[in-house]
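Here's the structure we're looking at; comments come further down.
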Amino acid sequence: MRDTPSPPAGRGTRRRRKRGRRIAAVLTVLAAGGAVAVAGLGLGGDADAGGGESDGLPPNTAKVTRQTLRDIQTADGALGHGTTSEVTSRVSGTFTAVPESGQRITRGQELYAVDDKPVTLLYGSLPAYRALKEGVEGPDVRQLERNLRALGHTGFTVDDEFTDATAEAVKAWQEDLGLEETGVVDLGRVVFTPAAIRVDGLEAAKGGAVQMGGKVLSYTGIAKAVTVELESSDLRLVKKGETVTVVLPDGTRVPGRVESVSTVIQPAGGQEEASTKVVVVVALSGAKAQQAAGRLGSASVDVEFVSGTRKDVLTVPVAALLAFSGGGFGVEVVSGTTSTYLPVTTGLFAEGRVEISGQGVTAGAIVGMPK
C-alpha cells in the first residue's frame, strides 16, 4: 500500500479553529511581462504537499468550475470627444467669419472665411498641400473628386487625374459657394478632416488679421470618446483596435474600442522630473453607447482593459488555495465526510479566482474554503 502524508496532528478537534495559512487577503498579484508572481503568502501551514487525508471538514466549500478567465485592469478616464487637432490658415488676410465654440460642421459647410471668401470643410485623411487644377494627378485629386460627387457634382470619373471634366464640376461647386468660377481649388480654400467636426476652441476673432500658418481653431470629432492617461509601464494593457468596457458615472456599461495609443513625453520642469505617459483614446462603439454617453457632458468614467484571457480552464476562488509547508500550492478536495489535499499548478489570477491544474482536480469537484 502507498504511504500518504498524515494530516496535521489534532486535526479533528482543532480543525475549525485553525485551517493553516490560507491564501486570502494577503494575495498580491503582480502582472508584468505576462508573468504572475504571488507575494506575502506566508508559506508554511498545517497541510502537507499532496495526498494527505483529513478527518475533519472545512467550514465552507466551493466548486471547481470550468470557464473563461479574464484579467481586467481598470483605469480612470475622462469622457469628452477624444483627441484635439488644430487648423492653421494657409492664406493671409482678415477674418470675416468664424464659427462658434461647440459648433458642428459637416462636409461642404463653411469653416471660416478670410477676405469674405469661405474656407470649406471637406472629408479626407490627406491634408491640402497644393492648388488642385487641370493636369495635376495624385491621391489628393481623388479625395477632392469624392467630395465633389458626395456634394452632388458629377460628370467626371473619380480617379487620380484632374481632367477638364473635374474642372467643370469644380466650377459648378464654386458657383454654389458664390465664388468666382475658376475651376481651380486654391491652396488654403479647403480643409480636409476625416469626418464631421466639433469646434473645440477658437484662436481667431472676426475682424482679426491672419498670416499664413496662423492658428485658427481646434476641433474634435463629434462622437463621444474617452481619454485615458496611463503610466508607460501599462503600455502592455492597450493595443489599437482592442475592445474595452466603459463604465459611466451612473453605472451603465457600454462597449468601446481603442482608437489610438500615443506616447507623450513630459519634460522636466522645476522640481518635477521628466516623465512618459501613454495617452489612449477610446471610441464608444454603437448608437446605444453614444446615446448613453450623450446625456452627459464631461465626466469621469472607468475603463476596463482585458490584460489576459484564459479560455476553458479550471478555476477556484483564490481563498481556496493552500500554501504547503514544503512549497507550492494545493486545494483541499472534499468527498463525502472526508477531504484530501491535492497539489495544483496555478495560472492566471483574475476576478477573484485562480486558474489551477493538477492530477485529480476536475470540474465540479468540491474544495474547502475558510470561514
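Labeling convention for the C-alpha cells: chains A, B, ... as they appear, residues from 1 per chain, ligands from 1 in order of appearance.
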
Who sits within 12 Å of Ala293 of chain A, only C-alpha atoms, same chain under 4 positions skipped, as a PyMOL selection string: chain A and resi 78-81+223-226+246-256+283-289+297-301

Spatial neighbours of Gln266 of chain A, max dist 7 Å, only C-alpha atoms, sep filter under 5 positions, as a PyMOL selection string: chain A and resi 274-276

Near-Ala62 of chain A list (9 Å; only C-alpha atoms; drop same-chain fewer than 3 positions) as number ranges by chain: A: 316-317, 320, 365-369

Nearest-residue call for Gly178 of chain A, choices A:Arg149, A:Thr88, A:Thr193, A:Lys117, using only C-alpha atoms: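 Smallest distance to Gly178 of chain A is found for A:Lys117.
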
Which of segment 139-294 of chain A DSSP labels strand (DSSP E or B), written as a VMD selection string: chain A and resid 161 185 190 to 193 197 to 202 209 to 210 215 to 221 225 to 231 243 to 247 253 to 266 269 272 275 to 284

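In the backbone-derived DSSP annotation, helix (DSSP H, G or I) within segment 154-310 of chain A comprises A:Asp164, A:Ala165, A:Thr166, A:Ala167, A:Glu168, A:Ala169, A:Val170, A:Lys171, A:Ala172, A:Trp173, A:Gln174, A:Glu175, A:Asp176, A:Leu177, A:Ser232, A:Ser233, A:Asp234, A:Leu235, A:Arg236, A:Leu237, A:Ala287, A:Lys288, A:Ala289, A:Gln290, A:Gln291, A:Ala292, A:Ala293, A:Gly294.
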
Who sits within 9 Å of Arg146 of chain A, only C-alpha atoms, same chain under 6 positions skipped, as a VMD selection string: chain A and resid 123 158 to 159

10 Å contact set for Leu235 of chain A, only C-alpha atoms, chain neighbours under 6 positions out, as a list in words: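 In the requested format, the answer is Val261, Ser262, Thr263, Lys277, Val278, Val279 and Val280 of chain A.
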
Residue contacts of Lys133 of chain A (7 Å, only C-alpha atoms) excluding same-chain residues fewer than 2 positions away, as a list in words: Ala131, Gly135, Val136, Phe162, Ala167, Gly183, Val184 and Val185 of chain A

Who sits within 6 Å of segment 213-215 of chain A, only C-alpha atoms, same chain under 3 positions skipped, as a list in words: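 So the residues in contact are Thr88, Ser89, Arg90, Glu203 and Val210 of chain A.
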
For the selection just defined, write its residues with N, CA and C atoms to a file, as a CSV table (one decimal), in the first residue's frame.
chain,number,residue,atom,x,y,z
A,88,THR,N,-4.7,75.5,-39.1
A,88,THR,CA,-3.9,76.7,-39.3
A,88,THR,C,-4.3,77.2,-40.7
A,89,SER,N,-4.2,78.5,-40.9
A,89,SER,CA,-4.6,79.2,-42.1
A,89,SER,C,-3.4,79.0,-43.2
A,90,ARG,N,-3.8,78.8,-44.4
A,90,ARG,CA,-2.8,78.7,-45.5
A,90,ARG,C,-2.9,79.9,-46.4
A,203,GLU,N,-8.9,80.4,-31.9
A,203,GLU,CA,-7.8,81.2,-31.8
A,203,GLU,C,-7.9,82.5,-32.6
A,210,VAL,N,-4.9,87.6,-40.0
A,210,VAL,CA,-4.3,86.3,-40.0
A,210,VAL,C,-3.2,86.2,-41.0

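Distances from A:Pro59, A:Gly308, A:Gly201, A:Gly269 to Leu237 of chain A were compared using only C-alpha atoms, and the smallest one belongs to A:Gly308.
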
Interatomic distance (Å, one decimal) between atom CA of Phe192 of chain A and atom CA of Gly221 of chain A: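 Rounded to one decimal, the two atoms are 12.9 Å apart.
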
For atom CA of Pro139 of chain A and atom CA of Asp164 of chain A, the interatomic separation in Å (one decimal):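 Atom CA of Asp164 of chain A lies at a distance of 17.3 Å from atom CA of Pro139 of chain A.
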
Between atom CA of Glu229 of chain A and atom CA of Glu272 of chain A - distance in Å to one decimal: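 Separation between atom CA of Glu272 of chain A and atom CA of Glu229 of chain A: 18.0 Å.
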
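Among the candidates A:Glu134, A:Glu355, A:Asp176, A:Glu273, the residue lying nearest to Gly152 of chain A is A:Asp176 (atoms considered: only C-alpha atoms).
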
Given only C-alpha atoms as the counted atoms, nearest of A:Arg104, A:His153, A:Lys63, A:Arg198 to Tyr219 of chain A: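 For Tyr219 of chain A, the nearest of the given residues is A:Arg198.
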